[in-house]
Amino acid sequence: MTFADNLKRICSERGTNPTALCKELGLSTSKVSAWYNGSLPKQEVMLMLARKLDCSVMDFFADEEDLHEPKAVNEDEEDLLRIYRSLSRRAKHEFMSMAYEFENREELEGDKESTHAV
């Protein structure tokens with residue numbers, strides 16, 4: 001996928017479009033045409049776009065294979081995915097930190113249980 005394809009996809013996921021995004025950021029809307037014709041924005045513009053869209057600059061360079069969404073196997077997993085996907089990047093980091101802490105706690109408690117059974 002091209003930069004422009006990914007920008008359009010990410011904008012759509014956020015309920016906007018590249019032209020509206022450029023207007024919000026005070027950029028010339030002619031930049032959108034240049035991007036669709038293969039040009040890449042300057043680094044500082046990419047950073048502005050990523051901040052406004054709450055994504056990583058790397059998201060603008062995703063391939064098709066990077067975009068496959070994991071499928072939930074039950075309602076609990078569906079809820080977890082829905083919650084996670086609705087969070088900001090910072091909140092996702094905090095959410096994952098809590099999940100890792102919980103995972104470590106469960107592993108330690110599992111170790112305690114297995115030693116009691118011996």
# chains A, B, ... in the order shown; residues from 1 in each chain; ligands from 1
>>> residues_around(residues="Asp59 of chain A", least_positions_apart="3", cutoff="9 Å", atoms="only C-alpha atoms", output="MDAnalysis selection string")
chainID A and resid 3 6:7 10 50 55:56 62
>>> residues_around(residues="segment 77-88 of chain A", least_positions_apart="2", cutoff="12 Å", atoms="only C-alpha atoms", output="ChimeraX atom specification")
/A:13-14,51-56,69-75,90-96,99
>>> write_last_selection(atoms="N, CA and C atoms", output="PDB file, in the first residue's frame")
ATOM      1  N   GLU A  13     -10.736   5.549   9.250  1.00  0.00           N
ATOM      2  CA  GLU A  13     -10.933   4.901  10.553  1.00  0.00           C
ATOM      3  C   GLU A  13     -11.194   5.931  11.643  1.00  0.00           C
ATOM      4  N   ARG A  14     -10.721   7.167  11.436  1.00  0.00           N
ATOM      5  CA  ARG A  14     -10.881   8.238  12.434  1.00  0.00           C
ATOM      6  C   ARG A  14     -12.053   9.165  12.092  1.00  0.00           C
ATOM      7  N   ARG A  51       0.479  12.699  14.762  1.00  0.00           N
ATOM      8  CA  ARG A  51      -0.025  13.199  16.053  1.00  0.00           C
ATOM      9  C   ARG A  51      -1.522  13.464  15.991  1.00  0.00           C
ATOM     10  N   LYS A  52      -1.930  14.120  14.910  1.00  0.00           N
ATOM     11  CA  LYS A  52      -3.358  14.462  14.775  1.00  0.00           C
ATOM     12  C   LYS A  52      -4.217  13.207  14.654  1.00  0.00           C
ATOM     13  N   LEU A  53      -3.698  12.183  13.969  1.00  0.00           N
ATOM     14  CA  LEU A  53      -4.458  10.944  13.766  1.00  0.00           C
ATOM     15  C   LEU A  53      -4.233   9.931  14.893  1.00  0.00           C
ATOM     16  N   ASP A  54      -3.399  10.297  15.851  1.00  0.00           N
ATOM     17  CA  ASP A  54      -3.077   9.416  16.977  1.00  0.00           C
ATOM     18  C   ASP A  54      -2.610   8.052  16.484  1.00  0.00           C
ATOM     19  N   CYS A  55      -1.608   8.081  15.613  1.00  0.00           N
ATOM     20  CA  CYS A  55      -1.032   6.851  15.084  1.00  0.00           C
ATOM     21  C   CYS A  55       0.478   7.020  14.991  1.00  0.00           C
ATOM     22  N   SER A  56       1.150   5.989  14.581  1.00  0.00           N
ATOM     23  CA  SER A  56       2.588   6.031  14.376  1.00  0.00           C
ATOM     24  C   SER A  56       2.885   6.413  12.925  1.00  0.00           C
ATOM     25  N   GLU A  69      -6.692  -8.042  10.950  1.00  0.00           N
ATOM     26  CA  GLU A  69      -7.140  -7.890  12.333  1.00  0.00           C
ATOM     27  C   GLU A  69      -7.341  -9.260  12.961  1.00  0.00           C
ATOM     28  N   PRO A  70      -6.915  -9.430  14.207  1.00  0.00           N
ATOM     29  CA  PRO A  70      -7.140 -10.710  14.875  1.00  0.00           C
ATOM     30  C   PRO A  70      -8.636 -10.933  15.097  1.00  0.00           C
ATOM     31  N   LYS A  71      -9.048 -12.167  14.987  1.00  0.00           N
ATOM     32  CA  LYS A  71     -10.453 -12.518  15.201  1.00  0.00           C
ATOM     33  C   LYS A  71     -10.651 -13.000  16.637  1.00  0.00           C
ATOM     34  N   ALA A  72     -11.684 -12.491  17.276  1.00  0.00           N
ATOM     35  CA  ALA A  72     -12.012 -12.917  18.628  1.00  0.00           C
ATOM     36  C   ALA A  72     -12.673 -14.291  18.583  1.00  0.00           C
ATOM     37  N   VAL A  73     -12.379 -15.105  19.588  1.00  0.00           N
ATOM     38  CA  VAL A  73     -12.955 -16.449  19.628  1.00  0.00           C
ATOM     39  C   VAL A  73     -14.166 -16.530  20.540  1.00  0.00           C
ATOM     40  N   ASN A  74     -14.388 -15.498  21.377  1.00  0.00           N
ATOM     41  CA  ASN A  74     -15.570 -15.481  22.235  1.00  0.00           C
ATOM     42  C   ASN A  74     -15.936 -14.033  22.569  1.00  0.00           C
ATOM     43  N   GLU A  75     -17.012 -13.851  23.307  1.00  0.00           N
ATOM     44  CA  GLU A  75     -17.494 -12.496  23.608  1.00  0.00           C
ATOM     45  C   GLU A  75     -16.513 -11.698  24.452  1.00  0.00           C
ATOM     46  N   ARG A  90      -1.590   6.297  24.097  1.00  0.00           N
ATOM     47  CA  ARG A  90      -1.088   6.296  25.471  1.00  0.00           C
ATOM     48  C   ARG A  90      -1.891   5.341  26.350  1.00  0.00           C
ATOM     49  N   ALA A  91      -3.208   5.377  26.200  1.00  0.00           N
ATOM     50  CA  ALA A  91      -4.058   4.497  26.995  1.00  0.00           C
ATOM     51  C   ALA A  91      -3.812   3.031  26.627  1.00  0.00           C
ATOM     52  N   LYS A  92      -3.533   2.761  25.342  1.00  0.00           N
ATOM     53  CA  LYS A  92      -3.199   1.394  24.939  1.00  0.00           C
ATOM     54  C   LYS A  92      -1.947   0.913  25.657  1.00  0.00           C
ATOM     55  N   HIS A  93      -0.965   1.790  25.788  1.00  0.00           N
ATOM     56  CA  HIS A  93       0.269   1.437  26.487  1.00  0.00           C
ATOM     57  C   HIS A  93      -0.039   1.108  27.954  1.00  0.00           C
ATOM     58  N   GLU A  94      -0.850   1.931  28.612  1.00  0.00           N
ATOM     59  CA  GLU A  94      -1.219   1.692  30.008  1.00  0.00           C
ATOM     60  C   GLU A  94      -2.013   0.388  30.139  1.00  0.00           C
ATOM     61  N   PHE A  95      -2.926   0.165  29.206  1.00  0.00           N
ATOM     62  CA  PHE A  95      -3.739  -1.057  29.205  1.00  0.00           C
ATOM     63  C   PHE A  95      -2.840  -2.293  29.106  1.00  0.00           C
ATOM     64  N   MET A  96      -1.882  -2.243  28.187  1.00  0.00           N
ATOM     65  CA  MET A  96      -0.986  -3.389  28.011  1.00  0.00           C
ATOM     66  C   MET A  96      -0.082  -3.567  29.227  1.00  0.00           C
ATOM     67  N   ALA A  99      -2.104  -5.426  31.642  1.00  0.00           N
ATOM     68  CA  ALA A  99      -2.281  -6.815  31.209  1.00  0.00           C
ATOM     69  C   ALA A  99      -1.038  -7.632  31.501  1.00  0.00           C
TER      70      ALA A  99
END
>>> closest_residue(among="A:Ser97, A:Asn37, A:Asn17, A:Thr2", to="Leu49 of chain A", atoms="only C-alpha atoms")
A:Asn17
>>> closest_residue(among="A:Met48, A:Ala4, A:Glu103, A:Glu64", to="Gly26 of chain A", atoms="only C-alpha atoms")
A:Met48
>>> select_by_dssp(residues="segment 9-45 of chain A", states="alpha helix (DSSP H)", output="list of chain:residue names")
A:Arg9, A:Ile10, A:Cys11, A:Ser12, A:Glu13, A:Pro18, A:Thr19, A:Ala20, A:Leu21, A:Cys22, A:Lys23, A:Glu24, A:Leu25, A:Ser30, A:Lys31, A:Val32, A:Ser33, A:Ala34, A:Trp35, A:Tyr36, A:Gln43, A:Glu44, A:Val45
>>> write_last_selection(atoms="C-alpha atoms", output="mmCIF file, in the first residue's frame")
data_model
loop_
_atom_site.group_PDB
_atom_site.id
_atom_site.type_symbol
_atom_site.label_atom_id
_atom_site.label_comp_id
_atom_site.auth_asym_id
_atom_site.auth_seq_id
_atom_site.Cartn_x
_atom_site.Cartn_y
_atom_site.Cartn_z
ATOM 1 C CA ARG A 9 -7.436 4.346 5.399
ATOM 2 C CA ILE A 10 -6.318 5.822 8.722
ATOM 3 C CA CYS A 11 -8.332 8.998 8.144
ATOM 4 C CA SER A 12 -11.402 6.906 7.340
ATOM 5 C CA GLU A 13 -10.933 4.901 10.553
ATOM 6 C CA PRO A 18 -6.954 13.671 4.002
ATOM 7 C CA THR A 19 -8.304 16.970 2.648
ATOM 8 C CA ALA A 20 -10.144 17.813 5.862
ATOM 9 C CA LEU A 21 -7.071 16.784 7.856
ATOM 10 C CA CYS A 22 -4.845 19.155 5.852
ATOM 11 C CA LYS A 23 -7.300 21.991 6.441
ATOM 12 C CA GLU A 24 -7.309 21.286 10.195
ATOM 13 C CA LEU A 25 -3.521 21.365 10.261
ATOM 14 C CA SER A 30 -2.943 20.530 -2.881
ATOM 15 C CA LYS A 31 -0.568 18.362 -0.835
ATOM 16 C CA VAL A 32 -3.181 15.598 -0.923
ATOM 17 C CA SER A 33 -3.005 15.454 -4.727
ATOM 18 C CA ALA A 34 0.781 15.321 -4.576
ATOM 19 C CA TRP A 35 0.606 12.430 -2.094
ATOM 20 C CA TYR A 36 -1.824 10.554 -4.355
ATOM 21 C CA GLN A 43 9.268 14.518 8.079
ATOM 22 C CA GLU A 44 7.734 17.303 10.164
ATOM 23 C CA VAL A 45 4.470 17.070 8.192
#
>>> atom_distance(atom1="atom CA of Phe102 of chain A", atom2="atom CA of Arg89 of chain A")
20.0 Å
>>> atom_distance(atom1="atom CA of Asp5 of chain A", atom2="atom CA of Met58 of chain A")
13.2 Å
